[in-house]
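Structure file start.csv (CSV, C-alpha atoms) is printed below.
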chain,number,residue,atom,x,y,z
X,1,MET,CA,56.7,-24.0,-12.6
X,2,GLU,CA,55.6,-27.3,-14.1
X,3,LYS,CA,53.7,-27.6,-17.3
X,4,THR,CA,51.7,-30.8,-18.1
X,5,VAL,CA,50.5,-31.8,-21.5
X,6,LYS,CA,48.4,-34.9,-22.3
X,7,ARG,CA,48.7,-36.3,-25.8
X,8,GLY,CA,47.7,-39.5,-27.6
X,9,TRP,CA,50.1,-42.4,-27.2
X,10,ARG,CA,52.1,-44.4,-29.7
X,11,ARG,CA,55.1,-46.7,-29.5
X,12,ARG,CA,58.6,-45.2,-29.3
X,13,ALA,CA,61.9,-46.9,-29.4
X,14,ALA,CA,63.6,-47.5,-26.1
X,15,LEU,CA,67.2,-46.4,-25.7
X,16,THR,CA,67.9,-48.9,-23.0
X,17,ALA,CA,70.7,-51.3,-23.6
X,18,ALA,CA,69.8,-54.7,-24.9
X,19,ILE,CA,69.6,-57.3,-22.3
X,20,ALA,CA,72.2,-59.9,-23.2
X,21,THR,CA,72.9,-61.7,-20.0
X,22,VAL,CA,71.2,-64.5,-18.1
X,23,ALA,CA,69.3,-64.2,-14.8
X,24,ALA,CA,70.4,-65.0,-11.3
X,25,ALA,CA,67.2,-65.6,-9.4
X,26,THR,CA,66.9,-63.8,-6.0
X,27,THR,CA,64.3,-63.0,-3.4
X,28,MET,CA,64.6,-59.8,-1.4
X,29,GLY,CA,62.5,-57.3,0.5
X,30,ALA,CA,62.2,-53.8,-0.6
X,31,ALA,CA,61.8,-50.3,0.9
X,32,SER,CA,59.2,-47.7,0.1
X,33,VAL,CA,59.6,-45.3,-2.8
X,34,SER,CA,60.2,-42.3,-0.5
X,35,ALA,CA,62.8,-44.0,1.5
X,36,ALA,CA,64.7,-45.2,-1.6
X,37,SER,CA,64.9,-41.7,-3.0
X,38,ASP,CA,67.7,-40.9,-0.5
X,39,GLN,CA,70.2,-43.3,-2.2
X,40,GLY,CA,73.2,-41.3,-3.2
X,41,THR,CA,75.7,-43.9,-4.4
X,42,ALA,CA,75.9,-44.7,-8.1
X,43,PRO,CA,75.4,-48.4,-8.7
X,44,ALA,CA,78.7,-49.8,-10.1
X,45,THR,CA,77.8,-53.5,-10.4
X,46,GLY,CA,74.8,-55.5,-11.6
X,47,GLN,CA,73.9,-56.4,-8.0
X,48,GLU,CA,74.0,-52.8,-6.9
X,49,ILE,CA,71.8,-51.5,-9.7
X,50,VAL,CA,69.3,-54.3,-9.1
X,51,GLU,CA,69.3,-53.3,-5.4
X,52,ALA,CA,68.7,-49.7,-6.5
X,53,LEU,CA,65.7,-50.7,-8.5
X,54,THR,CA,64.2,-53.0,-5.9
X,55,GLY,CA,64.7,-50.3,-3.4
X,56,LEU,CA,62.1,-48.2,-5.3
X,57,LEU,CA,59.4,-50.9,-5.0
X,58,PRO,CA,56.8,-51.0,-2.3
X,59,GLU,CA,57.9,-52.6,1.0
X,60,GLY,CA,57.5,-56.4,1.0
X,61,THR,CA,57.6,-56.8,-2.8
X,62,GLY,CA,59.0,-60.2,-3.7
X,63,ILE,CA,61.5,-60.6,-6.6
X,64,THR,CA,61.6,-63.8,-8.6
X,65,GLU,CA,64.1,-62.9,-11.3
X,66,SER,CA,66.7,-60.1,-11.5
X,67,PHE,CA,69.8,-59.1,-13.4
X,68,GLY,CA,71.5,-56.0,-14.6
X,69,GLU,CA,74.8,-54.1,-15.3
X,70,GLY,CA,76.2,-51.2,-13.4
X,71,TYR,CA,78.4,-48.4,-14.8
X,72,GLN,CA,81.6,-50.5,-14.2
X,73,ASP,CA,80.1,-53.2,-16.4
X,74,SER,CA,78.8,-51.1,-19.3
X,75,ALA,CA,78.3,-47.6,-20.6
X,76,TYR,CA,74.6,-48.6,-20.9
X,77,PRO,CA,73.7,-49.7,-17.4
X,78,TYR,CA,70.3,-51.3,-16.7
X,79,ALA,CA,68.4,-53.4,-14.3
X,80,TYR,CA,65.6,-55.9,-14.8
X,81,VAL,CA,63.4,-57.5,-12.2
X,82,GLU,CA,60.3,-59.6,-12.1
X,83,ALA,CA,58.2,-58.6,-9.1
X,84,THR,CA,55.3,-60.5,-7.5
X,85,ASP,CA,51.9,-58.9,-7.9
X,86,ASN,CA,48.3,-59.5,-6.7
X,87,THR,CA,47.6,-62.1,-9.4
X,88,GLY,CA,50.0,-64.6,-8.0
X,89,GLY,CA,52.3,-64.0,-10.9
X,90,ALA,CA,54.9,-61.4,-11.7
X,91,THR,CA,55.2,-58.0,-13.2
X,92,THR,CA,58.3,-57.0,-15.2
X,93,ILE,CA,60.0,-53.8,-14.3
X,94,ASP,CA,63.2,-52.5,-15.8
X,95,VAL,CA,65.3,-49.3,-15.8
X,96,GLY,CA,68.1,-48.0,-18.0
X,97,VAL,CA,70.0,-44.7,-18.3
X,98,HIS,CA,71.4,-43.2,-21.5
X,99,ARG,CA,73.6,-40.4,-22.6
X,100,SER,CA,73.2,-38.9,-26.1
X,101,THR,CA,74.8,-36.4,-28.4
X,102,GLY,CA,73.1,-33.4,-30.0
X,103,ASP,CA,69.8,-31.6,-29.1
X,104,TRP,CA,68.2,-33.8,-26.4
X,105,ARG,CA,64.8,-32.1,-27.1
X,106,GLU,CA,64.6,-33.4,-30.6
X,107,TYR,CA,63.1,-36.7,-29.4
X,108,ALA,CA,62.1,-35.9,-25.9
X,109,GLY,CA,58.6,-36.0,-24.4
X,110,CYS,CA,55.4,-37.4,-25.8
X,111,PRO,CA,55.2,-37.7,-29.6
X,112,GLU,CA,52.8,-35.2,-31.3
X,113,ASP,CA,52.0,-36.9,-34.6
X,114,ILE,CA,49.3,-39.3,-33.4
X,115,ASP,CA,45.5,-39.2,-33.4
X,116,GLU,CA,43.7,-39.2,-30.1
X,117,GLY,CA,42.1,-42.4,-29.0
X,118,ASP,CA,44.0,-44.6,-31.4
X,119,THR,CA,42.9,-48.2,-30.9
X,120,GLU,CA,44.1,-49.7,-34.2
X,121,ASP,CA,44.9,-53.4,-34.0
X,122,GLY,CA,43.8,-53.7,-30.4
X,123,LEU,CA,46.4,-51.2,-29.1
X,124,SER,CA,45.3,-48.1,-27.1
X,125,GLY,CA,46.9,-45.7,-24.6
X,126,ASP,CA,47.9,-42.2,-23.9
X,127,CYS,CA,50.8,-40.1,-22.8
X,128,VAL,CA,51.2,-37.4,-20.1
X,129,GLU,CA,54.1,-35.0,-20.5
X,130,THR,CA,55.3,-32.7,-17.8
X,131,GLU,CA,57.9,-30.0,-18.0
X,132,LEU,CA,59.7,-29.8,-14.7
X,133,SER,CA,60.8,-26.6,-13.0
X,134,ASP,CA,64.4,-27.3,-14.1
X,135,GLY,CA,63.5,-27.7,-17.7
X,136,ARG,CA,63.6,-31.5,-18.0
X,137,LEU,CA,60.7,-33.4,-19.5
X,138,LEU,CA,58.9,-36.2,-17.8
X,139,SER,CA,56.6,-38.3,-20.0
X,140,VAL,CA,54.4,-41.2,-18.7
X,141,ASN,CA,53.2,-43.5,-21.5
X,142,THR,CA,50.5,-46.0,-20.7
X,143,TRP,CA,49.3,-48.6,-23.1
X,144,GLU,CA,47.2,-51.7,-23.4
X,145,TYR,CA,47.0,-54.3,-26.1
X,146,GLU,CA,44.3,-56.9,-26.4
X,147,THR,CA,43.3,-59.3,-29.2
X,148,ASP,CA,40.6,-62.0,-28.9
X,149,GLY,CA,42.4,-64.5,-31.3
X,150,THR,CA,40.0,-64.1,-34.2
X,151,GLY,CA,42.4,-62.3,-36.5
X,152,GLU,CA,45.2,-63.5,-38.7
X,153,GLY,CA,49.0,-63.8,-38.0
X,154,GLU,CA,50.0,-62.6,-34.6
X,155,ASP,CA,46.4,-61.5,-33.9
X,156,GLY,CA,45.3,-65.2,-34.4
X,157,GLU,CA,46.3,-65.9,-30.8
X,158,ALA,CA,44.5,-64.3,-27.8
X,159,TYR,CA,46.7,-61.9,-26.1
X,160,HIS,CA,46.3,-59.2,-23.4
X,161,ALA,CA,49.0,-57.0,-21.9
X,162,ILE,CA,49.3,-53.7,-20.2
X,163,GLY,CA,52.4,-51.5,-19.7
X,164,TRP,CA,53.8,-48.2,-18.6
X,165,ASP,CA,56.9,-46.4,-20.1
X,166,VAL,CA,58.3,-43.5,-18.2
X,167,TRP,CA,61.0,-41.1,-19.7
X,168,LEU,CA,62.9,-38.4,-17.8
X,169,GLU,CA,64.9,-36.4,-20.3
X,170,GLY,CA,67.1,-33.4,-20.0
X,171,PRO,CA,70.5,-31.7,-20.8
X,172,GLY,CA,73.8,-33.4,-20.3
X,173,ASN,CA,76.9,-32.3,-18.5
X,174,PRO,CA,77.5,-28.6,-19.0
X,175,ASP,CA,81.2,-29.2,-18.8
X,176,PHE,CA,81.3,-31.1,-22.0
X,177,GLU,CA,82.4,-29.4,-25.2
X,178,ASN,CA,79.4,-30.4,-27.3
X,179,GLU,CA,75.6,-30.4,-26.6
X,180,THR,CA,74.6,-33.7,-24.9
X,181,GLY,CA,71.5,-35.2,-23.3
X,182,ARG,CA,70.7,-37.5,-20.4
X,183,SER,CA,67.7,-39.8,-20.1
X,184,VAL,CA,66.2,-42.3,-17.6
X,185,TYR,CA,63.9,-44.9,-18.9
X,186,LEU,CA,61.6,-46.9,-16.6
X,187,SER,CA,59.1,-49.5,-17.7
X,188,GLN,CA,56.5,-51.8,-16.1
X,189,TYR,CA,54.8,-54.6,-18.1
X,190,LYS,CA,52.2,-57.3,-17.3
X,191,ASP,CA,51.0,-60.1,-19.5
X,192,LEU,CA,47.3,-60.5,-18.6
X,193,THR,CA,46.5,-63.2,-21.1
X,194,GLU,CA,46.3,-66.0,-18.6
X,195,VAL,CA,44.9,-63.9,-15.7
X,196,ALA,CA,41.3,-64.9,-15.0
X,197,ASP,CA,40.2,-61.5,-13.8
X,198,ALA,CA,42.4,-59.0,-15.7
X,199,GLY,CA,40.3,-56.1,-14.3
X,200,ALA,CA,41.4,-56.9,-10.8
X,201,TYR,CA,45.1,-56.6,-11.6
X,202,VAL,CA,46.9,-53.9,-9.5
X,203,PRO,CA,50.3,-52.8,-10.8
X,204,VAL,CA,53.2,-53.0,-8.5
X,205,LEU,CA,53.8,-49.2,-9.0
X,206,ASP,CA,51.0,-46.8,-9.9
X,207,GLU,CA,51.7,-43.9,-12.3
X,208,ALA,CA,52.7,-41.5,-9.5
X,209,GLN,CA,55.1,-44.0,-8.0
X,210,LEU,CA,56.6,-44.7,-11.5
X,211,ALA,CA,57.1,-41.0,-12.0
X,212,GLU,CA,58.7,-40.7,-8.6
X,213,ALA,CA,60.9,-43.7,-9.1
X,214,ALA,CA,62.2,-42.3,-12.5
X,215,GLN,CA,63.2,-39.1,-10.7
X,216,SER,CA,65.1,-40.9,-8.0
X,217,GLN,CA,68.5,-39.3,-7.4
X,218,VAL,CA,70.3,-42.6,-7.8
X,219,TRP,CA,69.8,-42.5,-11.6
X,220,GLN,CA,71.3,-39.0,-11.7
X,221,ASP,CA,74.2,-40.2,-9.7
X,222,LEU,CA,74.6,-43.1,-12.1
X,223,LEU,CA,74.6,-40.7,-15.1
X,224,ALA,CA,77.2,-38.6,-13.4
X,225,ALA,CA,79.3,-41.7,-12.8
X,226,LEU,CA,79.1,-42.5,-16.5
X,227,ASP,CA,80.4,-39.1,-17.3
X,228,ALA,CA,83.4,-39.6,-15.0
X,229,GLU,CA,84.0,-43.2,-16.2
X,230,TYR,CA,83.6,-42.8,-19.9
X,231,GLY,CA,83.9,-39.1,-20.6
X,232,GLU,CA,81.9,-37.2,-23.1
X,233,PRO,CA,79.4,-39.3,-25.1
X,234,VAL,CA,80.1,-39.6,-28.8
X,235,GLU,CA,77.7,-40.0,-31.7
X,236,GLU,CA,76.7,-43.6,-32.0
X,237,GLU,CA,77.5,-45.1,-35.3
X,238,TRP,CA,76.8,-48.8,-35.5
X,239,GLY,CA,79.8,-50.5,-37.0
X,240,GLY,CA,78.2,-53.9,-36.7
X,241,PHE,CA,80.6,-56.7,-37.2
X,242,GLY,CA,82.7,-54.9,-39.8
X,243,ASP,CA,82.6,-55.8,-43.4
X,244,GLY,CA,81.7,-59.5,-43.8
X,245,PRO,CA,84.1,-61.9,-45.5
X,246,GLN,CA,81.6,-62.2,-48.4
X,247,ILE,CA,81.3,-66.0,-48.4
X,248,PRO,CA,78.5,-67.2,-50.7
X,249,ALA,CA,75.7,-69.1,-48.9
X,250,ALA,CA,76.3,-72.2,-51.1
X,251,GLN,CA,79.9,-72.4,-49.9
X,252,LEU,CA,78.8,-72.2,-46.3
X,253,GLN,CA,76.2,-74.9,-46.9
X,254,GLU,CA,78.7,-77.2,-48.7
X,255,THR,CA,81.3,-76.8,-46.1
X,256,PHE,CA,78.9,-77.8,-43.3
X,257,ARG,CA,77.7,-80.8,-45.3
X,258,SER,CA,81.3,-82.0,-45.8
X,259,LEU,CA,81.9,-81.8,-42.0
X,260,ALA,CA,78.6,-83.3,-40.8
X,261,PRO,CA,79.1,-86.6,-39.0
X,262,GLU,CA,78.0,-89.9,-40.7
X,263,GLY,CA,74.3,-90.6,-40.4
X,264,ILE,CA,73.3,-86.9,-40.6
X,265,GLU,CA,71.3,-85.9,-43.7
X,266,VAL,CA,72.0,-82.3,-44.6
X,267,THR,CA,69.6,-80.4,-46.9
X,268,PRO,CA,70.4,-76.8,-48.0
X,269,VAL,CA,67.6,-74.3,-47.5
X,270,GLU,CA,67.3,-72.2,-50.7
X,271,ALA,CA,69.1,-68.9,-50.6
X,272,GLY,CA,69.1,-66.0,-53.0
X,273,GLU,CA,72.0,-65.7,-55.4
X,274,GLU,CA,73.3,-62.6,-53.7
X,275,GLU,CA,73.2,-64.1,-50.2
X,276,VAL,CA,76.6,-64.0,-48.5
X,277,ASP,CA,77.9,-64.7,-45.0
X,278,TYR,CA,74.6,-66.4,-44.0
X,279,ALA,CA,73.2,-69.8,-44.8
X,280,SER,CA,70.5,-72.1,-43.5
X,281,LEU,CA,70.1,-75.9,-43.7
X,282,LEU,CA,68.0,-78.7,-42.4
X,283,VAL,CA,69.7,-81.5,-40.6
X,284,ASP,CA,68.1,-84.9,-39.8
X,285,ASP,CA,69.3,-88.0,-38.0
X,286,GLY,CA,66.1,-89.9,-39.1
X,287,ARG,CA,64.1,-88.6,-36.1
X,288,GLY,CA,63.0,-85.2,-37.4
X,289,ALA,CA,64.7,-82.4,-39.4
X,290,VAL,CA,65.7,-79.2,-37.7
X,291,LEU,CA,67.1,-75.8,-38.8
X,292,VAL,CA,70.8,-74.9,-38.6
X,293,ASP,CA,71.9,-71.3,-39.3
X,294,ILE,CA,75.4,-70.3,-40.2
X,295,PHE,CA,76.8,-66.8,-39.8
X,296,ALA,CA,80.2,-65.6,-40.9
X,297,PHE,CA,81.2,-62.2,-39.4
X,298,GLY,CA,84.1,-59.9,-40.3
X,299,PRO,CA,86.3,-58.4,-37.6
X,300,TRP,CA,84.6,-56.2,-35.0
X,301,ASP,CA,85.2,-52.5,-35.3
X,302,GLU,CA,85.7,-52.5,-31.5
X,303,GLU,CA,87.0,-54.9,-28.9
X,304,GLY,CA,84.6,-57.8,-28.5
X,305,PHE,CA,83.7,-59.6,-25.3
X,306,GLU,CA,86.0,-57.8,-22.9
X,307,ASP,CA,84.0,-57.1,-19.8
X,308,GLY,CA,81.3,-59.8,-19.7
X,309,ASP,CA,82.9,-62.0,-17.1
X,310,GLU,CA,86.3,-63.4,-16.1
X,311,ASP,CA,86.5,-65.4,-19.3
X,312,GLY,CA,85.6,-62.5,-21.5
X,313,ILE,CA,82.2,-63.9,-22.6
X,314,GLY,CA,78.9,-62.1,-22.1
X,315,PHE,CA,77.1,-65.2,-20.9
X,316,ASP,CA,77.5,-66.5,-17.3
X,317,ALA,CA,78.1,-70.2,-17.7
X,318,THR,CA,77.1,-70.8,-14.1
X,319,ALA,CA,73.9,-68.9,-14.3
X,320,ASP,CA,70.4,-70.2,-13.5
X,321,GLU,CA,69.8,-72.8,-16.2
X,322,GLU,CA,66.0,-72.2,-15.9
X,323,PHE,CA,66.5,-68.7,-17.4
X,324,GLY,CA,68.8,-68.7,-20.3
X,325,PRO,CA,71.6,-70.6,-22.0
X,326,GLU,CA,74.2,-72.7,-20.3
X,327,CYS,CA,77.5,-71.8,-21.9
X,328,GLU,CA,81.1,-73.0,-21.8
X,329,HIS,CA,84.1,-70.9,-23.0
X,330,THR,CA,87.3,-72.5,-24.2
X,331,ILE,CA,90.6,-71.0,-25.5
X,332,LEU,CA,91.8,-73.4,-28.2
X,333,ASP,CA,95.5,-74.5,-28.7
X,334,ASN,CA,95.8,-72.1,-31.7
X,335,GLY,CA,94.6,-69.1,-29.6
X,336,ASP,CA,91.1,-69.0,-31.1
X,337,GLU,CA,88.2,-68.9,-28.7
X,338,LEU,CA,85.2,-71.2,-28.7
X,339,ASN,CA,81.9,-70.6,-27.0
X,340,VAL,CA,79.3,-73.4,-26.9
X,341,CYS,CA,75.8,-72.8,-25.5
X,342,THR,CA,72.7,-74.9,-24.8
X,343,TRP,CA,69.3,-73.5,-24.2
X,344,ALA,CA,67.2,-76.6,-23.5
X,345,PRO,CA,63.5,-76.6,-24.3
X,346,SER,CA,61.1,-76.7,-21.3
X,347,ASP,CA,57.4,-77.1,-20.7
X,348,ASP,CA,57.0,-73.3,-20.6
X,349,ASP,CA,59.1,-72.7,-23.7
X,350,PRO,CA,59.5,-75.7,-26.1
X,351,LEU,CA,62.0,-73.9,-28.4
X,352,GLY,CA,65.5,-75.1,-27.9
X,353,LEU,CA,68.8,-74.0,-29.4
X,354,TRP,CA,72.4,-75.3,-29.4
X,355,SER,CA,75.2,-73.1,-30.7
X,356,ALA,CA,79.0,-73.1,-31.3
X,357,THR,CA,80.8,-69.8,-32.0
X,358,VAL,CA,84.5,-69.5,-32.9
X,359,TYR,CA,86.3,-66.1,-32.5
X,360,TYR,CA,89.4,-65.9,-34.6
X,361,ALA,CA,92.5,-63.9,-33.8
X,362,ASP,CA,91.7,-61.1,-36.3
X,363,GLY,CA,88.3,-60.5,-34.7
X,364,SER,CA,86.2,-62.3,-37.3
X,365,SER,CA,83.9,-65.1,-36.1
X,366,LEU,CA,81.8,-68.0,-37.2
X,367,ASP,CA,78.5,-68.9,-35.5
X,368,ILE,CA,76.6,-72.2,-36.1
X,369,THR,CA,73.2,-72.4,-34.3
X,370,GLN,CA,70.9,-75.4,-34.3
X,371,TYR,CA,67.2,-75.2,-33.3
X,372,ASN,CA,64.6,-77.8,-32.7
X,373,VAL,CA,62.2,-76.5,-35.4
X,374,ALA,CA,62.1,-77.2,-39.1
X,375,ASP,CA,60.8,-73.7,-39.9
X,376,TRP,CA,59.6,-70.6,-38.1
X,377,GLU,CA,56.0,-71.2,-38.9
X,378,SER,CA,55.7,-74.6,-37.2
X,379,ASP,CA,56.0,-76.0,-33.7
X,380,PRO,CA,59.2,-77.7,-32.6
X,381,THR,CA,59.6,-81.1,-34.3
X,382,ARG,CA,61.4,-82.7,-31.3
X,383,ALA,CA,62.6,-82.0,-27.8
X,384,ASP,CA,66.3,-82.7,-28.7
X,385,ALA,CA,68.4,-82.1,-31.7
X,386,PRO,CA,70.3,-84.3,-34.2
X,387,LEU,CA,73.7,-82.8,-33.4
X,388,SER,CA,75.1,-82.4,-29.9
X,389,VAL,CA,77.0,-79.2,-28.9
X,390,ASP,CA,80.2,-81.3,-29.0
X,391,GLN,CA,79.5,-82.2,-32.6
X,392,LEU,CA,78.7,-78.6,-33.4
X,393,ALA,CA,81.9,-77.6,-31.8
X,394,ASP,CA,83.9,-80.1,-33.9
X,395,ILE,CA,82.3,-78.8,-37.0
X,396,ALA,CA,82.8,-75.1,-36.1
X,397,THR,CA,86.5,-75.5,-35.2
X,398,ASP,CA,87.5,-77.3,-38.3
X,399,SER,CA,90.1,-75.5,-40.4
X,400,ALA,CA,87.9,-75.7,-43.5
X,401,TRP,CA,86.1,-72.6,-42.3
X,402,GLN,CA,89.3,-70.6,-41.9
X,403,ASP,CA,90.2,-71.6,-45.5
X,404,LEU,CA,86.9,-70.1,-46.6
X,405,PHE,CA,87.6,-66.9,-44.6
X,406,GLY,CA,91.1,-66.7,-46.1
X,407,ALA,CA,90.0,-67.3,-49.6
X,408,SER,CA,87.4,-64.5,-49.4
X,409,ALA,CA,90.1,-62.1,-48.3
X,410,VAL,CA,92.2,-62.7,-51.4

In structure tokens, how does this file's structure come out?
Amino acid sequence: MEKTVKRGWRRRAALTAAIATVAAATTMGAASVSAASDQGTAPATGQEIVEALTGLLPEGTGITESFGEGYQDSAYPYAYVEATDNTGGATTIDVGVHRSTGDWREYAGCPEDIDEGDTEDGLSGDCVETELSDGRLLSVNTWEYETDGTGEGEDGEAYHAIGWDVWLEGPGNPDFENETGRSVYLSQYKDLTEVADAGAYVPVLDEAQLAEAAQSQVWQDLLAALDAEYGEPVEEEWGGFGDGPQIPAAQLQETFRSLAPEGIEVTPVEAGEEEVDYASLLVDDGRGAVLVDIFAFGPWDEEGFEDGDEDGIGFDATADEEFGPECEHTILDNGDELNVCTWAPSDDDPLGLWSATVYYADGSSLDITQYNVADWESDPTRADAPLSVDQLADIATDSAWQDLFGASAV
């Protein structure tokens, strides 16, 4: 017997893995939702999980962008696609599965502590929760956000978007020693800001199709594959980057200044007296100052970039340069690893970044990132940057940084 409850909507945190890879554009046809529900093989790779998701879309749906990770790539597999819609643009659809520890019902279903009809700050929506015959909870959240641009801050720009978030939550593997949970998260999002007739927009999947897609057997097969591949889930405790080396911001700024090439003016951005392991500067070659951020990280608590690609880095250096950074990975003579990335500005996105990251043998790392903005309240000051990635790499790989790390460990 199924029980359905309708409650007011509010935002809730997604448990899907962070998308930290770049897209490989593809175009493919798709089967109907009912046909796709017969898939029984757990998607092991990024391509397979993308195919599983696109197989749940209406027949003939075009795909302009797609990427993902299967269970062999990550303990948090996901897929992301941009699907063509009736506006001539694209609708974003993504899916992820998650295994948790403890009582899965604690956060399952629609939230109860919300007033009906909440439209504060231009945000409105609702949630329909259904208890399935097997005891799992299916919740369908719908939301819409619209501002006319007459407010302040983020509301000072006109914006209109609509989205759907679907959760299927239930108990985990009964063979595990401890209580666990399993969840499937499926979302659909459309930016309507530039759509002339927003009322005419037709979502790629309606609410019934979204609910059916979230219940597809392929996601349960994927969760079972995670159980087999990784064993019982453990309580997630974010260890971050370990204890930082505790390098004062002023020392980071001064070291960068001493290594900057001739002709580059370096101006420290004021930092608090207690600021450590992070510093910000302005660099200028006479054609416009831009920001540089420096981060010093302690050793990782777990192995770092071990399954991202054949080089061990999470970015695909050969990926579509129109969607993400273009990166190059190098193993240095002393065994340290260097990753340099360029995300060039474009007409659609004028923000650019250039970075050099060094990974040391003990697991600690140094990241130097240059942007083409002077501050985060202003538009980009230029289309390029004072320092090339090669110059950033020369600065980041200088032994002076290791001296700082070593001195802090004394």

*Choose the residue, out of X:Ser74, X:Ser66, X:Gln215, X:Asn86, that has the smallest atom-to-atom separation from Leu132 (chain X); count all atoms listed in the file.*
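Using all atoms listed in the file, the shortest distance to Leu132 (chain X) belongs to X:Gln215.
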
*If you measure from CA of Thr147 (chain X) to CA of Asp347 (chain X), what distance in Å do you get, rounded to one decimal?*
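It comes out at 24.2 Å.
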
*Identify which of the residues X:Ala108, X:Leu259, X:Ile49, X:Val283 lies closest to Ser399 (chain X), counting all atoms listed in the file when measuring atom-to-atom distances.*
X:Leu259

_Separation of CA of Ile331 (chain X) from CA of Glu254 (chain X), in Å and rounded to one decimal_ = 26.8 Å

_Counting only C-alpha atoms, the option among X:Gly335, X:Pro299, X:Gly288, X:Pro77 closest to Tyr371 (chain X)_ = X:Gly288

_Just to confirm, what's the straight-line distance from CA of Ile395 (chain X) to CA of Leu281 (chain X) in Å (one decimal)?_
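Computing the Euclidean distance for CA of Ile395 (chain X) and CA of Leu281 (chain X) yields 14.2 Å.
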
_Residues proximal to (67.5, -37.6, -19.0) were defined as those with any atom within 9 Å of that point in the file's coordinates, counting all atoms listed in the file. Which are they, as a PyMOL selection string?_
chain X and resi 97-99+104+108+136-138+167-172+181-185+220+223

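If you measure from each of X:Thr45, X:Ser139, X:Ser346, X:Thr369 to Tyr107 (chain X) using only C-alpha atoms, the closest one turns out to be X:Ser139.
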